[in-house]
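Just work.tsv here, TSV, N, CA and C atoms:
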```
chain	number	residue	atom	x	y	z
A	1	MET	N	68.84	51.88	91.39
A	1	MET	CA	67.45	51.92	91.86
A	1	MET	C	66.69	53.05	91.15
A	2	PRO	N	65.57	52.74	90.52
A	2	PRO	CA	64.82	53.77	89.80
A	2	PRO	C	64.20	54.78	90.75
A	3	GLU	N	64.15	56.03	90.32
A	3	GLU	CA	63.59	57.07	91.17
A	3	GLU	C	62.07	57.08	91.10
A	4	LEU	N	61.46	57.65	92.12
A	4	LEU	CA	60.01	57.76	92.13
A	4	LEU	C	59.54	58.72	91.04
A	5	PRO	N	58.38	58.45	90.46
A	5	PRO	CA	57.86	59.34	89.41
A	5	PRO	C	57.71	60.77	89.90
A	6	GLU	N	57.33	60.94	91.18
A	6	GLU	CA	57.18	62.29	91.73
A	6	GLU	C	58.50	63.03	91.67
A	7	VAL	N	59.57	62.33	92.05
A	7	VAL	CA	60.90	62.95	92.05
A	7	VAL	C	61.26	63.37	90.63
A	8	GLU	N	60.98	62.49	89.67
A	8	GLU	CA	61.25	62.80	88.26
A	8	GLU	C	60.51	64.07	87.84
A	9	THR	N	59.22	64.14	88.20
A	9	THR	CA	58.41	65.30	87.81
A	9	THR	C	58.96	66.57	88.43
A	10	ILE	N	59.32	66.50	89.71
A	10	ILE	CA	59.86	67.68	90.40
A	10	ILE	C	61.15	68.12	89.73
A	11	LYS	N	62.02	67.15	89.43
A	11	LYS	CA	63.29	67.49	88.76
A	11	LYS	C	63.04	68.16	87.42
A	12	LYS	N	62.10	67.62	86.66
A	12	LYS	CA	61.80	68.19	85.34
A	12	LYS	C	61.28	69.61	85.47
A	13	SER	N	60.37	69.84	86.42
A	13	SER	CA	59.80	71.18	86.58
A	13	SER	C	60.87	72.15	87.05
A	14	LEU	N	61.78	71.69	87.91
A	14	LEU	CA	62.88	72.55	88.36
A	14	LEU	C	63.76	72.92	87.18
A	15	LYS	N	64.07	71.94	86.35
A	15	LYS	CA	64.91	72.19	85.17
A	15	LYS	C	64.24	73.19	84.24
A	16	SER	N	62.95	73.01	83.98
A	16	SER	CA	62.25	73.92	83.06
A	16	SER	C	62.18	75.32	83.66
A	17	LYS	N	62.04	75.41	84.99
A	17	LYS	CA	62.03	76.72	85.64
A	17	LYS	C	63.38	77.40	85.46
A	18	LEU	N	64.46	76.63	85.66
A	18	LEU	CA	65.81	77.18	85.49
A	18	LEU	C	66.00	77.67	84.07
A	19	ILE	N	65.59	76.87	83.10
A	19	ILE	CA	65.73	77.25	81.69
A	19	ILE	C	64.92	78.51	81.41
A	20	GLY	N	63.71	78.58	81.97
A	20	GLY	CA	62.87	79.77	81.79
A	20	GLY	C	63.55	81.01	82.35
A	21	GLN	N	64.16	80.87	83.54
A	21	GLN	CA	64.87	82.01	84.13
A	21	GLN	C	66.00	82.46	83.23
A	22	LYS	N	66.78	81.50	82.73
A	22	LYS	CA	67.91	81.83	81.86
A	22	LYS	C	67.43	82.55	80.61
A	23	LEU	N	66.34	82.06	80.02
A	23	LEU	CA	65.79	82.70	78.82
A	23	LEU	C	65.36	84.13	79.13
A	24	LYS	N	64.68	84.32	80.28
A	24	LYS	CA	64.24	85.66	80.67
A	24	LYS	C	65.44	86.57	80.81
A	25	ASN	N	66.48	86.08	81.49
A	25	ASN	CA	67.68	86.89	81.70
A	25	ASN	C	68.32	87.27	80.37
A	26	ILE	N	68.37	86.32	79.44
A	26	ILE	CA	68.98	86.58	78.13
A	26	ILE	C	68.16	87.63	77.38
A	27	ILE	N	66.83	87.50	77.42
A	27	ILE	CA	65.96	88.46	76.71
A	27	ILE	C	66.14	89.85	77.30
A	28	VAL	N	66.12	89.97	78.63
A	28	VAL	CA	66.29	91.27	79.29
A	28	VAL	C	67.65	91.85	78.93
A	29	PHE	N	68.67	91.02	78.98
A	29	PHE	CA	70.03	91.48	78.65
A	29	PHE	C	70.08	92.00	77.22
A	30	ASN	N	69.47	91.27	76.29
A	30	ASN	CA	69.46	91.69	74.89
A	30	ASN	C	68.73	93.01	74.72
A	31	LYS	N	67.60	93.18	75.41
A	31	LYS	CA	66.84	94.44	75.33
A	31	LYS	C	67.73	95.60	75.78
A	32	ASP	N	68.37	95.45	76.93
A	32	ASP	CA	69.25	96.50	77.45
A	32	ASP	C	70.35	96.80	76.46
A	33	PHE	N	70.92	95.75	75.91
A	33	PHE	CA	72.04	95.89	74.97
A	33	PHE	C	71.61	96.65	73.73
A	34	ILE	N	70.42	96.31	73.21
A	34	ILE	CA	69.92	96.97	71.99
A	34	ILE	C	69.64	98.44	72.26
A	35	PHE	N	69.03	98.74	73.41
A	35	PHE	CA	68.67	100.12	73.73
A	35	PHE	C	69.91	100.98	73.93
A	36	LYS	N	70.97	100.39	74.46
A	36	LYS	CA	72.19	101.17	74.73
A	36	LYS	C	72.91	101.53	73.44
A	37	ASN	N	72.78	100.70	72.42
A	37	ASN	CA	73.52	100.96	71.18
A	37	ASN	C	72.78	101.91	70.26
```
Turn the structure described in the file into structure tokens.
Amino acid sequence: MPELPEVETIKKSLKSKLIGQKLKNIIVFNKDFIFKN
């Protein structure tokens, strides 16, 4: 059964938010790492 378009949109936005968080965490981690060395 195909999902509702709203559900698809919500899932996509959740995924992009998760990816954004991961990217932010990686950038912050890299900054800390560079400053410590």
Taking all listed atoms of region 7-18 of chain A, build the axis-aligned box, pad each of the six sides by 6 Å, then write its centre and edge lengths in Å to one decimal as AutoDock Vina command-line options.
```
--center_x 62.2 --center_y 70.0 --center_z 87.6 --size_x 19.6 --size_y 27.3 --size_z 21.0
```
* Asked: Which distance in Å separates atom N of Leu4 (chain A) and atom N of Lys17 (chain A), to one decimal?
  ->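 Computed distance, atom N of Leu4 (chain A) to atom N of Lys17 (chain A), equals 19.1 Å.
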* Which value, in Å to one decimal, gives the distance between atom C of Asn25 (chain A) and CA of Lys11 (chain A)? ->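 Spanning atom C of Asn25 (chain A) to CA of Lys11 (chain A) is a straight-line distance of 22.1 Å.
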* Could you work out how far CA of Val28 (chain A) lies from atom N of Ile10 (chain A), giving the answer in Å with one decimal? ->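 For atom N of Ile10 (chain A) relative to CA of Val28 (chain A), the distance reads 27.8 Å.
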